[in-house]
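Reviewing the structure listed below.
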Amino acid sequence: MPKKNALLKYLKLDRLGRLTYERKIPARLREFLGNRASIRRSLGVDGTDCSDTDVLTAYARVHGQVQEVINAAEAQHQQKSTAIQAQPQTFALSPRDVAGIAANPLLEMRNALADGRISSSIQAELQQIVPTFLAQVAWAQMTGDVSQIQKALAQISQPLLDQLGISPNETDITAITQRLLAYAADARADVEKLQDGDWSSPTLAAKAPPIPKRRLTWEQLIEGWRRSVGGTLEVDGYGVSERRVVLYRLAIKDFVAHISDAPPEDITIADVQRYVKWLQTDSGNAPRTQAGKLICLKNLVQIAVNNREIASNPFDGFKIVVPAGAADLKGYRPFTKPELVTIFTAVKQESREHNRLLPYILLLTGCRLAEAVQLRTKDIQQTEKGTWFINWEHEAIGTYPMLLKTKDSNNRKMPIHQKLIDTGLLDIDRRGEGRLFKDISQNTNTFSTHFTELLKRLDIWEKKKKVTHSFRNNAKDMWREVDIPLDVRNAFTGHAAVGVGERSYGVGLGQMPDKLNEYLQRIDISWLP
């Protein structure tokens, strides 16, 4: 295959010498594609000659399919940007702000001439351009015909508006244009004074107010918060995950939609009181979600307080507590043994590999669903003694990242139960790099939705009670029933070891799959279909 071929972009040879299409996913689109960093597809042809018709046909087909996926993610990103991301300032400008914005570029022109802040080669030309422009403005003012200079008037204040982060509405633009026309005569007179050698203070400077202060935006606070927590996990390898950022944006969206679209520095205690009331009475969110959204906004505004941009945080002192009795209603319940038999009898009939194997993985390892769908071919390993195990190791960045809930603290080498081997886990093609389950979305909602539909058909489902996470409860109960010690159970799930010595010295039980396997094989699940 030629090293460079513009017609066959994204192609490369895999380890077996077959043509493979691999395309990097832009970071901004990954949340819409299961947090994947790339899309990889086999062309499904034996040849490697890029001029061969079969290769070109296969390439066109795969490239078109992937491009459709990218385009769909781009559309979702654009829709979310409009719906969730903080927008530029759109509130109406005061007359004082309008005057300051209109006068500033005219004063800049005059001061550039006075201070010689331009190269001498064009200074003579500028001295002609500025008076001519101002004369045109003055003529438009007298005649009322601004058609000839309307574009120039629109552009003259744009750099300052961009600098201030202001997106003016039509009323603001009209007001700025009218004020520019009104100031034109003074600006022209000030320039003519300079040309006559009069260096006294410009008349316009005495009339016009200073430019308005740049207003804070929620987007600026989001970026400040990102920096304060170290960055974004999927991009930098440390910091917060993109999912956390989405939660902050959703809190902003709610506040702007239901309380106020004013800039953060203008939020009052009364606004916060109304927001808390809305969360508790009208939002429809659970108490824990309500509390989380309030904390998100408090954290963002605190960034501005820390930067001395806002004097105080109006969210201070406000909190939402979980009502008495609500704690009894929360929590996932394990499936009963008869329910498990019913579930796995149905699961064994699944045609898709991941739908058939994921429930077994969840039950027999006690892992989280996100950890299961992220499994890569390289994570299935074997010790020198022959013990097969899953090597869950936090790896934030890369083509196929593995994101664990508590990062490196969740690293562990979980032995694979014989039942899982018998079910076919080791039969999956693990040649080459990539996800173990190549056809499943990294967005856990995809499998959760499928599994929920299965439970509903079996008349087992209970909202927020019996779900995929219930398998984790079942796993822990099975371990307790055969008297597996707490430190071993913690090692199975990647929870912190008990005792400082256990946490701080040695590799820990979580990195001893042979030892852990001795305990795991105590479990008798011969009853499981």
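Every chain in the structure tokens has a letter given in the order shown (A, B, ...), and although residue numbers restart at 1 in each chain, ligands are simply numbered from 1 in the order shown.
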Using only C-alpha atoms, determine which residues lie at most 8 Å from Leu297 in chain A, disregarding the query and same-chain residues fewer than 2 positions distant; provide the list as an mmCIF file with C-alpha atoms, in the first residue's frame.
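So around_27.cif came out as:
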data_model
loop_
_atom_site.group_PDB
_atom_site.id
_atom_site.type_symbol
_atom_site.label_atom_id
_atom_site.label_comp_id
_atom_site.auth_asym_id
_atom_site.auth_seq_id
_atom_site.Cartn_x
_atom_site.Cartn_y
_atom_site.Cartn_z
ATOM 1 C CA TYR A 248 -22.533 21.676 35.606
ATOM 2 C CA ALA A 251 -27.441 23.187 36.311
ATOM 3 C CA ILE A 252 -26.683 26.423 34.435
ATOM 4 C CA LYS A 293 -27.271 21.172 41.016
ATOM 5 C CA LEU A 294 -27.207 23.756 43.797
ATOM 6 C CA ILE A 295 -23.644 22.767 44.686
ATOM 7 C CA ASN A 299 -18.840 26.065 43.070
ATOM 8 C CA LEU A 300 -18.885 28.070 39.833
ATOM 9 C CA VAL A 301 -19.659 31.416 41.479
ATOM 10 C CA PHE A 315 -25.251 30.684 47.096
#
I want to know what sits within 9 Å of range 243-245 of chain A, based on only C-alpha atoms, with residues of the same chain fewer than 4 positions away left out; could you give that as a PyMOL selection string? chain A and resi 31+222+226+232+249-250
Expected file contents, prior selection, N, CA and C atoms, as a compact mmCIF listing (two decimals), in the first residue's frame:
# COMPACT_ATOMS: atom_id res chain seq x y z
N GLU A 31 -18.42 12.35 23.83
CA GLU A 31 -19.52 12.02 24.75
C GLU A 31 -20.75 11.53 24.01
N ILE A 222 -17.13 28.14 33.94
CA ILE A 222 -16.89 26.72 33.65
C ILE A 222 -15.41 26.48 33.38
N ARG A 226 -12.79 24.25 35.50
CA ARG A 226 -11.96 23.19 34.90
C ARG A 226 -10.50 23.33 35.35
N THR A 232 -9.50 18.25 32.25
CA THR A 232 -10.53 17.28 31.88
C THR A 232 -9.88 15.92 31.68
N ARG A 249 -23.19 22.08 33.32
CA ARG A 249 -23.90 22.80 32.26
C ARG A 249 -25.42 22.65 32.41
N LEU A 250 -25.87 21.49 32.83
CA LEU A 250 -27.30 21.29 33.02
C LEU A 250 -27.83 22.15 34.15
Please tabulate, as a tab-separated table, the residues of range 6-72 of chain A that come within 10 Å of range 418-436 of chain A, each with its closest pair of atoms and the distance in Å to one decimal, counting only C-alpha atoms and ordering rows by chain, then residue number upward.
residue	atom	partner	partner_atom	distance
A:Asp14	CA	A:Gly432	CA	7.3
A:Arg15	CA	A:Gly432	CA	6.4
A:Leu16	CA	A:Gly432	CA	8.3
A:Arg36	CA	A:Arg435	CA	9.7
A:Ser38	CA	A:Gly434	CA	9.7
A:Ile39	CA	A:Gly434	CA	9.7
A:Arg40	CA	A:Gly434	CA	8.2
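Shortest separation to Leu363 in chain A among A:Leu486, A:Leu279, A:Leu528, A:Val229 occurs at residue A:Leu528, atoms counted being only C-alpha atoms.
Ranking A:Leu369, A:Leu455, A:Ile397, A:Leu216 by their shortest atom-to-atom distance to Asp261 in chain A, with only C-alpha atoms included, puts A:Leu216 first.
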Show me, as a list in words, the residues that have an atom within 12 Å of Arg96 in chain A when counting only C-alpha atoms, minus same-chain residues fewer than 3 positions from it. Ala92, Leu93, Ala99, Gly100, Ile101, Ala102, Ala103, Asp172, Ala175, Ile176, Arg179, Lys207, Ala208, Pro209, Pro210, Ile211, Pro212 and Lys213 of chain A
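Of the residues listed (A:Ile269, A:Leu113, A:Leu29, A:Lys407), A:Leu29 shows the shortest atom-to-atom separation from Ile70 in chain A; distances use only C-alpha atoms.
Close contacts of Glu371 in chain A, defined as residues with an atom at most 10 Å away when counting only C-alpha atoms, with chain neighbours fewer than 4 positions off set aside, comprise Leu362, Cys367, Leu375, Trp392, Glu393, His394, Met402, Leu403, Leu404, Lys405, Gln442 and Thr444 of chain A.
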Could you tell me how far CA of Glu223 in chain A sits from CA of Ser312 in chain A, in Å to one decimal place? 19.6 Å
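Nearest to Asn111 in chain A of all the residues A:Pro529, A:Gly224, A:Pro202, A:Gly494 is A:Pro202, counting only C-alpha atoms.
In this model, the gap between CA of Leu161 in chain A and CA of Cys296 in chain A comes to 29.0 Å.
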Counting only C-alpha atoms, what is within 12 Å of His450 in chain A, bar same-chain residues fewer than 5 positions away, as number ranges by chain? A: 347, 350, 352, 354-356, 358-359, 440-441, 444-445, 455-457, 467-468
Point-to-point distance in Å for CA of Lys463 in chain A and CA of Ile523 in chain A: 29.3 Å
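Running DSSP on the backbone and keeping only strand (DSSP E), the residues of range 5-119 of chain A that qualify are Leu11, Lys12, Leu13, Leu19, Thr20, Tyr21, Glu22, Arg23, Lys24, Ser38, Ile39, Arg40, Arg41 and Ser42 of chain A.
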Out of range 245-427 of chain A, which residues get helix (DSSP H, G or I) from DSSP, as a PyMOL selection string? chain A and resi 245-258+264-266+269-281+287-306+326-329+337-347+353-365+369-373+377-379+407-410+418-423+425-427
Measuring atom to atom with only C-alpha atoms, identify which of A:Ala72, A:Ala396, A:Leu221, A:Val256 is nearest to Leu33 in chain A. A:Ala72
Surrounding residues of range 334-346 of chain A excluding itself and chain neighbours under 3 positions, 10 Å, only C-alpha atoms, as JSON, numbers by chain: {"A": [331, 349, 350, 356, 357, 359, 360, 363, 451, 454, 455, 458, 459, 460, 461, 465, 466, 467, 468, 469, 470, 471, 472, 473, 474, 475, 476, 477, 527, 528, 529]}
How about saving the chosen residues, N, CA and C atoms kept, as a short mmCIF file (atom, residue, chain, number, x, y, z; two decimals), in the first residue's frame?
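That gives us result_20.cif:
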data_model
loop_
_atom_site.label_atom_id
_atom_site.label_comp_id
_atom_site.auth_asym_id
_atom_site.auth_seq_id
_atom_site.Cartn_x
_atom_site.Cartn_y
_atom_site.Cartn_z
N GLY A 331 -31.65 3.10 46.90
CA GLY A 331 -30.78 1.94 46.93
C GLY A 331 -31.26 0.83 46.01
N GLN A 349 -30.31 -16.69 25.54
CA GLN A 349 -30.90 -16.72 24.20
C GLN A 349 -30.55 -15.49 23.38
N GLU A 350 -29.84 -14.53 23.98
CA GLU A 350 -29.49 -13.30 23.28
C GLU A 350 -28.59 -13.61 22.08
N ARG A 356 -25.36 -11.10 25.75
CA ARG A 356 -25.34 -12.42 26.39
C ARG A 356 -24.30 -12.50 27.52
N LEU A 357 -23.14 -11.85 27.33
CA LEU A 357 -22.04 -12.01 28.29
C LEU A 357 -21.99 -10.95 29.39
N PRO A 359 -24.24 -9.58 31.43
CA PRO A 359 -24.84 -9.93 32.72
C PRO A 359 -23.99 -10.92 33.52
N TYR A 360 -23.37 -11.89 32.84
CA TYR A 360 -22.50 -12.83 33.55
C TYR A 360 -21.29 -12.11 34.14
N LEU A 363 -22.40 -10.11 37.28
CA LEU A 363 -22.70 -10.95 38.44
C LEU A 363 -21.46 -11.62 39.00
N PHE A 451 -31.39 -3.81 28.86
CA PHE A 451 -31.61 -4.72 29.99
C PHE A 451 -32.92 -4.40 30.70
N LEU A 454 -35.66 -6.01 28.92
CA LEU A 454 -35.68 -7.45 29.21
C LEU A 454 -36.37 -7.71 30.55
N LEU A 455 -36.02 -6.94 31.59
CA LEU A 455 -36.64 -7.13 32.90
C LEU A 455 -38.14 -6.85 32.86
N LEU A 458 -39.89 -9.77 31.52
CA LEU A 458 -39.90 -10.87 32.50
C LEU A 458 -40.68 -10.52 33.75
N ASP A 459 -41.24 -9.31 33.80
CA ASP A 459 -42.02 -8.82 34.95
C ASP A 459 -41.18 -8.82 36.23
N ILE A 460 -39.92 -8.38 36.10
CA ILE A 460 -39.02 -8.31 37.25
C ILE A 460 -38.62 -6.88 37.57
N TRP A 461 -38.70 -6.00 36.60
CA TRP A 461 -38.16 -4.63 36.74
C TRP A 461 -38.88 -3.82 37.82
N LYS A 465 -34.69 0.29 41.39
CA LYS A 465 -34.49 -0.73 42.41
C LYS A 465 -33.83 -1.99 41.85
N LYS A 466 -34.41 -2.50 40.76
CA LYS A 466 -33.86 -3.69 40.13
C LYS A 466 -33.39 -3.33 38.73
N VAL A 467 -32.09 -3.14 38.64
CA VAL A 467 -31.44 -2.67 37.41
C VAL A 467 -30.11 -3.41 37.27
N THR A 468 -29.28 -3.00 36.33
CA THR A 468 -27.99 -3.69 36.13
C THR A 468 -27.13 -3.65 37.39
N HIS A 469 -27.23 -2.55 38.16
CA HIS A 469 -26.39 -2.43 39.36
C HIS A 469 -26.80 -3.42 40.44
N SER A 470 -27.97 -4.02 40.30
CA SER A 470 -28.40 -5.03 41.27
C SER A 470 -27.46 -6.23 41.27
N PHE A 471 -26.85 -6.53 40.12
CA PHE A 471 -25.90 -7.64 40.04
C PHE A 471 -24.75 -7.45 41.02
N ARG A 472 -24.33 -6.20 41.22
CA ARG A 472 -23.23 -5.92 42.14
C ARG A 472 -23.64 -6.30 43.56
N ASN A 473 -24.90 -6.03 43.92
CA ASN A 473 -25.40 -6.44 45.23
C ASN A 473 -25.43 -7.96 45.35
N ASN A 474 -25.89 -8.63 44.28
CA ASN A 474 -25.91 -10.10 44.30
C ASN A 474 -24.51 -10.67 44.48
N ALA A 475 -23.54 -10.08 43.77
CA ALA A 475 -22.16 -10.58 43.87
C ALA A 475 -21.65 -10.48 45.30
N LYS A 476 -21.89 -9.34 45.93
CA LYS A 476 -21.39 -9.16 47.30
C LYS A 476 -22.08 -10.14 48.26
N ASP A 477 -23.39 -10.35 48.05
CA ASP A 477 -24.09 -11.31 48.92
C ASP A 477 -23.55 -12.73 48.73
N TRP A 527 -26.23 -23.72 39.92
CA TRP A 527 -27.66 -23.51 39.67
C TRP A 527 -27.91 -22.47 38.58
N LEU A 528 -26.87 -21.70 38.22
CA LEU A 528 -27.05 -20.61 37.27
C LEU A 528 -27.11 -21.16 35.84
N PRO A 529 -28.11 -20.81 35.05
CA PRO A 529 -28.23 -21.32 33.68
C PRO A 529 -27.00 -20.99 32.84
#
Have a look at A:Arg41, A:Arg274, A:Arg522, A:Gly17 and name the one nearest to Asp439 in chain A; count only C-alpha atoms. A:Arg41
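Residues surrounding Lys12 in chain A within 8 Å are Leu19, Thr20, Tyr21 and Glu22 of chain A [only C-alpha atoms; sequence separation below 3 positions excluded].
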Dump C-alpha atoms for the selected residues as an mmCIF file, in the first residue's frame?
data_model
loop_
_atom_site.group_PDB
_atom_site.id
_atom_site.type_symbol
_atom_site.label_atom_id
_atom_site.label_comp_id
_atom_site.auth_asym_id
_atom_site.auth_seq_id
_atom_site.Cartn_x
_atom_site.Cartn_y
_atom_site.Cartn_z
ATOM 1 C CA LEU A 19 -6.618 -3.152 5.777
ATOM 2 C CA THR A 20 -8.347 -1.406 8.660
ATOM 3 C CA TYR A 21 -10.121 1.941 8.742
ATOM 4 C CA GLU A 22 -9.358 3.882 11.956
#
